[in-house]
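J.: Below is start.cif; it holds mmCIF, C-alpha atoms and all ligand atoms.
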data_data
#
loop_
_atom_site.label_atom_id
_atom_site.label_comp_id
_atom_site.auth_asym_id
_atom_site.auth_seq_id
_atom_site.Cartn_x
_atom_site.Cartn_y
_atom_site.Cartn_z
CA MET A 920 8.38 14.62 15.39
CA PRO A 921 9.33 14.68 11.69
CA ASP A 922 7.98 17.45 9.47
CA TYR A 923 4.76 16.11 7.96
CA SER A 924 3.52 19.27 6.23
CA PHE A 925 3.10 18.82 2.48
CA ASP A 926 1.29 20.54 -0.39
CA THR A 927 -0.66 17.58 -1.74
CA ILE A 928 -1.02 15.09 1.11
CA LEU A 929 -1.92 15.07 4.79
CA VAL A 930 -0.07 12.91 7.32
CA ASP A 931 -1.45 12.27 10.77
CA VAL A 932 0.16 9.96 13.33
CA GLU A 933 -1.89 8.82 16.30
CA GLY A 934 -1.90 5.72 18.49
CA GLY A 935 0.81 4.01 16.43
CA VAL A 936 -1.13 4.50 13.19
CA ALA A 937 -0.06 6.94 10.47
CA THR A 938 -2.74 8.02 8.03
CA LEU A 939 -1.47 9.38 4.72
CA THR A 940 -4.30 11.12 2.85
CA PHE A 941 -4.04 12.11 -0.81
CA ASN A 942 -5.35 15.64 -0.61
CA ARG A 943 -6.28 17.01 -4.01
CA PRO A 944 -10.02 16.37 -3.78
CA ALA A 945 -10.88 18.92 -6.51
CA LYS A 946 -8.72 16.86 -8.91
CA ARG A 947 -9.98 13.55 -7.49
CA ASN A 948 -6.53 13.06 -5.91
CA ALA A 949 -4.86 12.48 -9.27
CA MET A 950 -1.12 11.89 -8.84
CA SER A 951 0.61 15.09 -9.92
CA PRO A 952 4.43 15.35 -9.98
CA GLN A 953 4.27 17.18 -6.63
CA LEU A 954 2.11 14.45 -5.13
CA HIS A 955 4.73 11.85 -6.09
CA ARG A 956 7.45 13.97 -4.49
CA ASP A 957 5.39 14.48 -1.35
CA VAL A 958 4.46 10.81 -0.92
CA ALA A 959 8.03 9.64 -1.50
CA THR A 960 9.31 12.09 1.13
CA ALA A 961 6.55 11.22 3.60
CA LEU A 962 7.21 7.48 3.29
CA GLU A 963 10.91 8.08 3.90
CA ARG A 964 10.09 9.98 7.12
CA LEU A 965 7.47 7.46 8.25
CA ARG A 966 9.95 4.64 7.75
CA TYR A 967 12.11 5.97 10.59
CA ASP A 968 9.37 7.42 12.80
CA PRO A 969 8.95 5.10 15.81
CA ALA A 970 5.51 6.61 16.47
CA ALA A 971 4.25 5.14 13.16
CA LYS A 972 3.85 1.37 13.39
CA VAL A 973 1.18 0.96 10.70
CA ILE A 974 0.48 3.11 7.64
CA VAL A 975 -3.01 3.71 6.21
CA LEU A 976 -3.28 5.30 2.75
CA THR A 977 -6.54 6.95 1.74
CA GLY A 978 -8.01 9.86 -0.21
CA ALA A 979 -9.80 13.11 0.68
CA GLY A 980 -13.28 13.67 -0.70
CA LYS A 981 -15.02 11.32 -3.09
CA ALA A 982 -11.91 9.74 -4.60
CA PHE A 983 -9.18 7.44 -3.35
CA CYS A 984 -7.01 8.38 -6.35
CA ALA A 985 -7.96 8.99 -9.99
CA GLY A 986 -4.61 7.66 -11.25
CA MET A 987 -1.81 9.64 -12.82
CA ASP A 988 -2.50 13.31 -13.38
CA LEU A 989 -3.39 13.29 -17.05
CA LYS A 990 -2.70 17.01 -17.38
CA GLU A 991 0.32 17.70 -15.16
CA PHE A 992 2.17 14.50 -16.05
CA PHE A 993 1.17 13.19 -19.49
CA THR A 994 0.44 16.54 -21.14
CA GLU A 995 2.52 19.24 -19.49
CA LEU A 996 5.73 17.16 -19.26
CA LYS A 997 5.42 15.80 -22.79
CA ASP A 998 8.19 18.02 -24.16
CA ASP A 999 10.51 17.67 -21.16
CA PRO A 1000 11.85 14.11 -21.47
CA ALA A 1001 14.26 14.37 -18.51
CA GLU A 1002 11.56 15.58 -16.09
CA TYR A 1003 9.07 13.09 -17.55
CA ASP A 1004 11.55 10.29 -16.87
CA ARG A 1005 12.34 11.62 -13.38
CA ILE A 1006 8.69 11.65 -12.36
CA PHE A 1007 8.03 8.28 -14.05
CA ARG A 1008 10.85 6.74 -11.99
CA LEU A 1009 9.67 8.36 -8.77
CA ALA A 1010 6.08 7.28 -9.46
CA THR A 1011 6.97 3.66 -10.11
CA GLU A 1012 9.50 3.49 -7.28
CA TRP A 1013 7.26 4.49 -4.34
CA ARG A 1014 4.35 2.35 -5.44
CA GLY A 1015 6.24 -0.60 -6.90
CA ARG A 1016 9.13 -0.95 -4.50
CA THR A 1017 9.00 1.38 -1.46
CA LEU A 1018 5.46 0.39 -0.47
CA ARG A 1019 5.94 -3.28 -1.31
CA TYR A 1020 9.02 -3.65 0.90
CA PHE A 1021 8.05 -1.04 3.49
CA PRO A 1022 9.21 -2.30 6.90
CA LYS A 1023 5.81 -1.56 8.48
CA PRO A 1024 2.42 -2.95 7.47
CA THR A 1025 0.42 -0.82 5.04
CA ILE A 1026 -3.34 -0.68 4.46
CA ALA A 1027 -5.07 0.89 1.45
CA MET A 1028 -8.42 2.35 2.57
CA ILE A 1029 -10.25 2.86 -0.72
CA ASN A 1030 -12.96 5.41 -0.05
CA GLY A 1031 -13.99 6.18 -3.64
CA PHE A 1032 -12.71 6.40 -7.24
CA CYS A 1033 -9.63 4.27 -7.90
CA PHE A 1034 -8.32 4.30 -11.45
CA GLY A 1035 -5.31 3.17 -13.47
CA GLY A 1036 -2.11 4.02 -11.63
CA ALA A 1037 -3.96 3.85 -8.30
CA PHE A 1038 -4.18 0.07 -8.77
CA SER A 1039 -0.44 -0.02 -8.05
CA ILE A 1040 -0.99 1.76 -4.73
CA VAL A 1041 -3.59 -0.83 -3.76
CA GLU A 1042 -1.40 -3.70 -4.91
CA GLY A 1043 1.72 -2.30 -3.21
CA CYS A 1044 -0.08 -2.18 0.15
CA ASP A 1045 -0.20 -5.32 2.28
CA LEU A 1046 -3.92 -5.08 2.96
CA ALA A 1047 -6.77 -3.30 1.20
CA VAL A 1048 -10.29 -2.48 2.39
CA ALA A 1049 -12.79 -0.54 0.27
CA ALA A 1050 -16.19 1.02 0.56
CA ASP A 1051 -18.82 -1.22 -1.07
CA ASP A 1052 -19.58 1.54 -3.55
CA ALA A 1053 -15.98 2.60 -4.35
CA ILE A 1054 -15.42 2.58 -8.12
CA PHE A 1055 -12.38 0.82 -9.59
CA GLY A 1056 -11.31 0.90 -13.22
CA LEU A 1057 -8.42 0.24 -15.56
CA SER A 1058 -9.45 3.21 -17.66
CA GLU A 1059 -6.28 3.41 -19.76
CA VAL A 1060 -7.80 1.59 -22.75
CA ASN A 1061 -10.70 4.04 -22.70
CA PHE A 1062 -8.36 6.84 -23.74
CA GLY A 1063 -6.14 4.77 -26.01
CA LEU A 1064 -3.36 3.87 -23.57
CA PHE A 1065 -2.53 0.63 -21.73
CA PRO A 1066 -1.72 -0.13 -18.06
CA GLY A 1067 1.86 1.18 -18.21
CA GLY A 1068 4.38 2.14 -15.56
CA ALA A 1069 3.94 -0.04 -12.49
CA VAL A 1070 0.39 -1.11 -13.36
CA SER A 1071 0.90 -4.09 -15.71
CA LYS A 1072 3.20 -5.70 -13.17
CA SER A 1073 0.68 -4.99 -10.41
CA LEU A 1074 -2.02 -6.78 -12.38
CA ALA A 1075 0.30 -9.73 -13.01
CA ASN A 1076 1.16 -9.84 -9.29
CA ILE A 1077 -2.27 -9.76 -7.76
CA MET A 1078 -5.12 -10.35 -10.20
CA ARG A 1079 -6.31 -13.60 -11.65
CA PRO A 1080 -5.38 -13.70 -15.35
CA ARG A 1081 -8.99 -13.67 -16.59
CA ASP A 1082 -9.93 -10.69 -14.40
CA ALA A 1083 -6.80 -8.74 -15.36
CA MET A 1084 -7.51 -9.19 -19.06
CA LEU A 1085 -11.25 -8.53 -18.77
CA TYR A 1086 -10.89 -5.25 -16.89
CA ALA A 1087 -7.76 -4.03 -18.71
CA LEU A 1088 -9.19 -4.74 -22.17
CA THR A 1089 -12.66 -3.34 -21.55
CA GLY A 1090 -11.88 -0.53 -19.09
CA ARG A 1091 -15.18 -1.46 -17.40
CA PRO A 1092 -15.61 0.01 -13.93
CA PHE A 1093 -16.41 -2.29 -11.01
CA ASP A 1094 -17.35 -1.64 -7.41
CA GLY A 1095 -15.80 -2.45 -4.04
CA LYS A 1096 -17.88 -5.61 -3.60
CA ARG A 1097 -16.64 -6.94 -6.95
CA ALA A 1098 -13.04 -5.95 -6.07
CA ALA A 1099 -13.36 -8.15 -2.98
CA GLU A 1100 -14.94 -11.04 -4.91
CA ILE A 1101 -12.01 -11.19 -7.30
CA GLY A 1102 -9.44 -10.89 -4.51
CA PHE A 1103 -8.05 -7.53 -5.57
CA ILE A 1104 -8.80 -6.26 -2.05
CA ASN A 1105 -9.38 -8.08 1.25
CA TYR A 1106 -13.00 -7.05 1.74
CA SER A 1107 -15.44 -4.19 1.37
CA VAL A 1108 -17.74 -2.58 3.93
CA PRO A 1109 -20.45 0.10 3.77
CA ALA A 1110 -18.93 3.53 3.19
CA ALA A 1111 -20.35 4.70 6.52
CA THR A 1112 -18.29 2.17 8.50
CA LEU A 1113 -15.11 2.16 6.39
CA GLN A 1114 -13.08 4.45 8.65
CA ASP A 1115 -14.02 2.65 11.87
CA ASP A 1116 -13.35 -0.72 10.32
CA VAL A 1117 -9.90 0.24 9.04
CA ARG A 1118 -9.08 2.05 12.27
CA ALA A 1119 -9.80 -1.16 14.20
CA LEU A 1120 -7.71 -3.23 11.78
CA ALA A 1121 -4.80 -0.77 12.03
CA ALA A 1122 -5.06 -0.72 15.83
CA GLU A 1123 -4.93 -4.52 15.89
CA LEU A 1124 -1.70 -4.45 13.86
CA ALA A 1125 -0.21 -1.61 15.91
CA GLN A 1126 -0.27 -3.91 18.96
CA LYS A 1127 1.86 -6.59 17.31
CA ASN A 1128 5.60 -6.81 17.53
CA GLY A 1129 7.14 -4.57 14.85
CA GLU A 1130 10.11 -6.82 14.16
CA ALA A 1131 7.83 -9.81 13.70
CA MET A 1132 5.65 -7.89 11.22
CA THR A 1133 8.68 -6.72 9.20
CA ALA A 1134 9.99 -10.27 9.03
CA THR A 1135 6.52 -11.55 8.07
CA LYS A 1136 6.39 -9.16 5.13
CA GLU A 1137 9.94 -9.87 4.00
CA GLY A 1138 9.58 -13.63 4.34
CA TYR A 1139 6.48 -13.61 2.17
CA ARG A 1140 7.52 -11.05 -0.43
CA HIS A 1141 11.08 -12.29 -0.98
CA SER A 1142 9.98 -15.94 -1.07
CA LEU A 1143 7.76 -15.19 -4.07
CA ASP A 1144 10.87 -14.86 -6.22
CA MET A 1145 13.01 -17.58 -4.61
CA THR A 1146 13.54 -21.26 -5.15
CA TRP A 1147 12.54 -23.50 -2.23
CA GLU A 1148 16.20 -23.94 -1.29
CA ALA A 1149 16.92 -20.23 -1.38
CA SER A 1150 13.82 -19.47 0.68
CA MET A 1151 14.80 -22.00 3.37
CA ALA A 1152 18.28 -20.49 3.59
CA TYR A 1153 16.82 -16.98 3.67
CA THR A 1154 14.23 -17.64 6.38
CA GLN A 1155 16.78 -19.44 8.55
CA ALA A 1156 19.08 -16.43 8.33
CA ARG A 1157 16.14 -14.04 8.81
CA GLU A 1158 15.19 -15.80 12.03
CA GLY A 1159 18.65 -14.99 13.39
CA LEU A 1160 18.23 -11.33 12.43
CA LEU A 1161 14.76 -11.16 13.99
CA SER A 1162 16.08 -12.65 17.22
CA LYS A 1163 18.97 -10.16 17.30
CA ASN A 1164 16.78 -7.12 16.52
CA GLN A 1165 14.20 -7.94 19.20
CA ASN A 1166 16.67 -9.25 21.80
CA ASP A 1167 15.25 -12.77 21.42
CA ALA A 1168 11.85 -11.60 22.71
CA PHE A 1169 9.98 -14.23 20.72
CA ARG A 1170 11.65 -16.89 22.89
CA THR A 1171 12.00 -15.17 26.25
CA THR A 1172 8.65 -13.37 26.42
CA GLY A 1173 6.64 -14.79 23.51
CA ILE A 1174 7.21 -18.49 24.11
CA GLY A 1175 8.26 -17.93 27.74
CA ASP A 1176 4.91 -16.43 28.82
CA PHE A 1177 3.05 -19.24 27.06
CA LEU A 1178 5.09 -21.87 28.86
CA LYS A 1179 4.23 -20.13 32.14
CA GLY A 1180 0.55 -20.50 31.21
CA GLN A 1181 -0.01 -16.73 30.92
CA TYR A 1182 -1.70 -16.68 27.49
CA ARG A 1183 -2.50 -18.86 24.50
CA PRO A 1184 -0.77 -17.59 21.32
CA GLY A 1185 -3.12 -19.64 19.16
CA LEU A 1186 -5.97 -17.42 20.32
CA GLU A 1187 -4.45 -14.10 21.31
CA SER A 1188 -1.39 -11.88 21.01
CA ASN A 1189 1.11 -11.29 23.81
CA SER A 1190 0.92 -7.55 24.48
CA ASN A 1191 4.19 -7.63 26.45
CA LEU A 1192 6.04 -8.03 23.14
CA SER A 1193 5.22 -4.78 21.40
N1 LIG B 1201 -5.78 13.68 -14.02
C1 LIG B 1201 -5.96 15.01 -13.98
N2 LIG B 1201 -7.11 15.58 -13.60
C2 LIG B 1201 -8.11 14.79 -13.23
C3 LIG B 1201 -8.01 13.40 -13.23
C4 LIG B 1201 -6.76 12.83 -13.64
N3 LIG B 1201 -6.53 11.51 -13.64
N4 LIG B 1201 -9.17 12.87 -12.82
C5 LIG B 1201 -9.97 13.89 -12.54
N5 LIG B 1201 -9.34 15.06 -12.80
C6 LIG B 1201 -9.86 16.42 -12.67
C7 LIG B 1201 -10.78 16.83 -13.79
O1 LIG B 1201 -10.05 17.26 -14.93
C8 LIG B 1201 -11.57 17.93 -13.13
O2 LIG B 1201 -10.78 19.10 -13.11
P1 LIG B 1201 -11.43 20.57 -13.35
O3 LIG B 1201 -12.48 20.70 -12.27
O4 LIG B 1201 -10.29 21.50 -13.21
O5 LIG B 1201 -12.05 20.53 -14.72
C9 LIG B 1201 -11.72 17.44 -11.72
O6 LIG B 1201 -10.68 16.50 -11.52
C10 LIG B 1201 -13.03 16.77 -11.43
O7 LIG B 1201 -13.23 15.80 -12.45
P2 LIG B 1201 -14.72 15.41 -12.94
O8 LIG B 1201 -14.56 14.52 -14.12
O9 LIG B 1201 -15.53 16.65 -13.11
O10 LIG B 1201 -15.25 14.64 -11.64
P3 LIG B 1201 -16.32 13.45 -11.52
O11 LIG B 1201 -16.47 13.23 -10.06
O12 LIG B 1201 -17.51 13.74 -12.33
O13 LIG B 1201 -15.58 12.17 -12.17
C11 LIG B 1201 -13.71 10.66 -12.45
C12 LIG B 1201 -14.45 11.63 -11.51
C13 LIG B 1201 -14.61 9.47 -12.78
C14 LIG B 1201 -12.48 10.22 -11.67
C15 LIG B 1201 -13.32 11.39 -13.77
O14 LIG B 1201 -12.72 12.65 -13.44
C16 LIG B 1201 -12.35 10.60 -14.60
O15 LIG B 1201 -12.76 9.76 -15.36
N6 LIG B 1201 -11.02 10.89 -14.46
C17 LIG B 1201 -10.00 10.20 -15.20
C18 LIG B 1201 -9.69 8.86 -14.55
C19 LIG B 1201 -8.57 8.17 -15.32
O16 LIG B 1201 -8.80 7.69 -16.41
N7 LIG B 1201 -7.35 8.22 -14.76
C20 LIG B 1201 -6.16 7.80 -15.43
C21 LIG B 1201 -5.91 6.37 -15.18
S1 LIG B 1201 -4.59 5.78 -16.21
C22 LIG B 1201 -3.17 6.17 -15.39
O17 LIG B 1201 -3.17 6.39 -14.21
C23 LIG B 1201 -1.92 6.13 -16.16
#
Could the structure of this file be written out as structure tokens, please?
T.:
Amino acid sequence: MPDYSFDTILVDVEGGVATLTFNRPAKRNAMSPQLHRDVATALERLRYDPAAKVIVLTGAGKAFCAGMDLKEFFTELKDDPAEYDRIFRLATEWRGRTLRYFPKPTIAMINGFCFGGAFSIVEGCDLAVAADDAIFGLSEVNFGLFPGGAVSKSLANIMRPRDAMLYALTGRPFDGKRAAEIGFINYSVPAATLQDDVRALAAELAQKNGEAMTATKEGYRHSLDMTWEASMAYTQAREGLLSKNQNDAFRTTGIGDFLKGQYRPGLESNSNLS
């Protein structure tokens, strides 16, 4: 098993599901330079860990993540431009690119406060479920900044234009129910059932074929930036890669078991595939 001991996060892998917990509850899980280093390293190890089929990201205590660490990043690195740039790059890379194109499905489980830079974690994940009473906010404007780093692009990617402008210009907080209404997350549930709900969702994904889920993510995400022609060429080629990587299981077992009358893929998953 890879080494999953870190200073600022906890990583637990069980039943095909890896849970990565931001673990600075006294600082509301603000993203310090060390937290960025730890998450980037953990994601690299989880990428190649066959025991981790699905990744859940969440926070310890009453916060999911209070955004960038306003002290350890913005203030203490102010006079160290090289280190500031290094951490800025690391911070934007794992949220903006690594998570987005991660080969395994990712779920943000938003248990509490979620501010500023944490929006890019939520947006970078494939799915997001929050507690009804979690508090979201683009607080940058409240202290004279703007949604910089990966955040402006995250807003452009996932929020409706009117919502992005309203919440970025006012800095008004909103709750998990509102986050679901505006489509920033999939849905919200009472805080008391959040863990069970997300555990069930993650377990459902963990039973699916890993190659099929990777191709699903790539097909969707890459197609966003492609012309129709390019996307058709890409998905045709991707189908060949999928077939090679899974030894043509989608035909032999997936379609094969259906044709033998063993299950109905419209209504259920073939567990022999995973
Ligand atoms: N960076 C650094 N430290 C933080 C951050 C942060 N983003 N958020 C909270 N903390 C620290 C506080 O300084 C405090 O530390 P201390 O105990 O050593 O004094 C501790 O966490 C607890 O904070 P409180 O404000 O006492 O906690 P409370 O639960 O009352 O409020 C809240 C939590 C709402 C998250 C509040 O701390 C807050 O507004 N934080 C700033 C949120 C924010 O604007 N983040 C930046 C977004 S912009 C960006 O990411 C670029």
J.: Which one is closest to Gly1056 (chain A): A:Arg1081, A:Lys1072, A:Arg1091, A:Lys1023? Count all atoms listed in the file.
T.: A:Arg1091
J.: Rounded to one decimal place, report the CA of Ala1053 (chain A)-atom C19 of ligand LIG 1201 (chain B) distance in Å.
T.: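 Going from CA of Ala1053 (chain A) over to atom C19 of ligand LIG 1201 (chain B) covers 14.4 Å.
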J.: Write out as a PDB file with C-alpha atoms, keeping the file's coordinate frame each polymer residue (protein, DNA or RNA) that has an atom no more than 10 Å from ligand LIG 1201 (chain B), with only C-alpha atoms and all ligand atoms counted.
T.:
ATOM      1  CA  ARG A 943      -6.280  17.010  -4.010  1.00  0.00           C
ATOM      2  CA  PRO A 944     -10.020  16.370  -3.780  1.00  0.00           C
ATOM      3  CA  ALA A 945     -10.880  18.920  -6.510  1.00  0.00           C
ATOM      4  CA  LYS A 946      -8.720  16.860  -8.910  1.00  0.00           C
ATOM      5  CA  ARG A 947      -9.980  13.550  -7.490  1.00  0.00           C
ATOM      6  CA  ASN A 948      -6.530  13.060  -5.910  1.00  0.00           C
ATOM      7  CA  ALA A 949      -4.860  12.480  -9.270  1.00  0.00           C
ATOM      8  CA  MET A 950      -1.120  11.890  -8.840  1.00  0.00           C
ATOM      9  CA  SER A 951       0.610  15.090  -9.920  1.00  0.00           C
ATOM     10  CA  GLY A 980     -13.280  13.670  -0.700  1.00  0.00           C
ATOM     11  CA  LYS A 981     -15.020  11.320  -3.090  1.00  0.00           C
ATOM     12  CA  ALA A 982     -11.910   9.740  -4.600  1.00  0.00           C
ATOM     13  CA  PHE A 983      -9.180   7.440  -3.350  1.00  0.00           C
ATOM     14  CA  CYS A 984      -7.010   8.380  -6.350  1.00  0.00           C
ATOM     15  CA  ALA A 985      -7.960   8.990  -9.990  1.00  0.00           C
ATOM     16  CA  GLY A 986      -4.610   7.660 -11.250  1.00  0.00           C
ATOM     17  CA  MET A 987      -1.810   9.640 -12.820  1.00  0.00           C
ATOM     18  CA  ASP A 988      -2.500  13.310 -13.380  1.00  0.00           C
ATOM     19  CA  LEU A 989      -3.390  13.290 -17.050  1.00  0.00           C
ATOM     20  CA  LYS A 990      -2.700  17.010 -17.380  1.00  0.00           C
ATOM     21  CA  GLU A 991       0.320  17.700 -15.160  1.00  0.00           C
ATOM     22  CA  PHE A 992       2.170  14.500 -16.050  1.00  0.00           C
ATOM     23  CA  PHE A 993       1.170  13.190 -19.490  1.00  0.00           C
ATOM     24  CA  THR A 994       0.440  16.540 -21.140  1.00  0.00           C
ATOM     25  CA  GLY A1031     -13.990   6.180  -3.640  1.00  0.00           C
ATOM     26  CA  PHE A1032     -12.710   6.400  -7.240  1.00  0.00           C
ATOM     27  CA  CYS A1033      -9.630   4.270  -7.900  1.00  0.00           C
ATOM     28  CA  PHE A1034      -8.320   4.300 -11.450  1.00  0.00           C
ATOM     29  CA  GLY A1035      -5.310   3.170 -13.470  1.00  0.00           C
ATOM     30  CA  GLY A1036      -2.110   4.020 -11.630  1.00  0.00           C
ATOM     31  CA  ALA A1037      -3.960   3.850  -8.300  1.00  0.00           C
ATOM     32  CA  PHE A1038      -4.180   0.070  -8.770  1.00  0.00           C
ATOM     33  CA  SER A1039      -0.440  -0.020  -8.050  1.00  0.00           C
ATOM     34  CA  ILE A1054     -15.420   2.580  -8.120  1.00  0.00           C
ATOM     35  CA  PHE A1055     -12.380   0.820  -9.590  1.00  0.00           C
ATOM     36  CA  GLY A1056     -11.310   0.900 -13.220  1.00  0.00           C
ATOM     37  CA  LEU A1057      -8.420   0.240 -15.560  1.00  0.00           C
ATOM     38  CA  SER A1058      -9.450   3.210 -17.660  1.00  0.00           C
ATOM     39  CA  GLU A1059      -6.280   3.410 -19.760  1.00  0.00           C
ATOM     40  CA  VAL A1060      -7.800   1.590 -22.750  1.00  0.00           C
ATOM     41  CA  ASN A1061     -10.700   4.040 -22.700  1.00  0.00           C
ATOM     42  CA  PHE A1062      -8.360   6.840 -23.740  1.00  0.00           C
ATOM     43  CA  GLY A1063      -6.140   4.770 -26.010  1.00  0.00           C
ATOM     44  CA  LEU A1064      -3.360   3.870 -23.570  1.00  0.00           C
ATOM     45  CA  PHE A1065      -2.530   0.630 -21.730  1.00  0.00           C
ATOM     46  CA  PRO A1066      -1.720  -0.130 -18.060  1.00  0.00           C
ATOM     47  CA  GLY A1067       1.860   1.180 -18.210  1.00  0.00           C
ATOM     48  CA  GLY A1068       4.380   2.140 -15.560  1.00  0.00           C
ATOM     49  CA  ALA A1069       3.940  -0.040 -12.490  1.00  0.00           C
ATOM     50  CA  VAL A1070       0.390  -1.110 -13.360  1.00  0.00           C
ATOM     51  CA  GLY A1090     -11.880  -0.530 -19.090  1.00  0.00           C
ATOM     52  CA  PRO A1092     -15.610   0.010 -13.930  1.00  0.00           C
TER      53      PRO A1092
END
J.: Go through A:Val932, A:Ala937, A:Ile1006, A:Leu976 and flag the residue nearest Gln953 (chain A), using only C-alpha atoms for the distances.
T.: A:Ile1006
J.: Report, in Å to a single decimal, how far apart CA of Met1151 (chain A) and CA of Thr1025 (chain A) are.
T.: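 A separation of 25.7 Å between them.
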J.: Report, in Å to a single decimal, how far apart CA of Asp931 (chain A) and CA of Cys1044 (chain A) are.
T.: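 So the answer is 18.0 Å.
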J.: Pick out the residues sitting within 7 Å of Gly1043 (chain A), and hand them over as a PyMOL selection string; count only C-alpha atoms, and ignore anything fewer than 3 positions along from it in its own chain.
T.: chain A and resi 1014-1015+1018-1019+1039-1040
J.: May I have the residues from that selection written out with C-alpha atoms, as an mmCIF file, in the frame of the given file?
T.:
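To be explicit, this is the file written out as out32.cif:
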data_model
loop_
_atom_site.group_PDB
_atom_site.id
_atom_site.type_symbol
_atom_site.label_atom_id
_atom_site.label_comp_id
_atom_site.auth_asym_id
_atom_site.auth_seq_id
_atom_site.Cartn_x
_atom_site.Cartn_y
_atom_site.Cartn_z
ATOM 1 C CA ARG A 1014 4.350 2.350 -5.440
ATOM 2 C CA GLY A 1015 6.240 -0.600 -6.900
ATOM 3 C CA LEU A 1018 5.460 0.390 -0.470
ATOM 4 C CA ARG A 1019 5.940 -3.280 -1.310
ATOM 5 C CA SER A 1039 -0.440 -0.020 -8.050
ATOM 6 C CA ILE A 1040 -0.990 1.760 -4.730
#
J.: Enclose all atoms of region 1159-1164 of chain A listed in the file in an axis-aligned box, grow every side by 5 Å, and hand back centre and edge lengths in Å to one decimal, as lines of an AutoDock Vina configuration file.
T.:
center_x = 16.9
center_y = -11.1
center_z = 14.9
size_x = 14.2
size_y = 17.9
size_z = 14.9
J.: Closest to Ile1101 (chain A) among A:Asp998, A:Val936, A:Asp1082, A:Asn1128, using all atoms listed in the file?
T.: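 Distance minimum relative to Ile1101 (chain A) lands on A:Asp1082.
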J.: Could you tell me which of A:Val975, A:Leu929, A:Leu1088, A:Ala1134 comes closest to Arg1118 (chain A) if we count only C-alpha atoms?
T.: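 So, comparing all the options, the nearest one is A:Val975.
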J.: Using all atoms listed in the file, which of A:Ala1149, A:Ala970, A:Ala1099, A:Leu1160 sits nearest Gly934 (chain A)?
T.: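 Of A:Ala1149, A:Ala970, A:Ala1099, A:Leu1160, the one nearest Gly934 (chain A), counting all atoms listed in the file, is A:Ala970.
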J.: Find, counting all atoms listed in the file, the residue in A:Leu962, A:Ile928, A:Ile974, A:Ala1125 that gets nearest to Thr1017 (chain A).
T.: A:Leu962
J.: List the neighbours of Met1132 (chain A) out to 12 Å using only C-alpha atoms; skip same-chain residues closer than 2 positions along the sequence, and give me the result as a PyMOL selection string.
T.: chain A and resi 972-973+1020-1025+1045+1124-1130+1134-1139+1161+1165+1192-1193
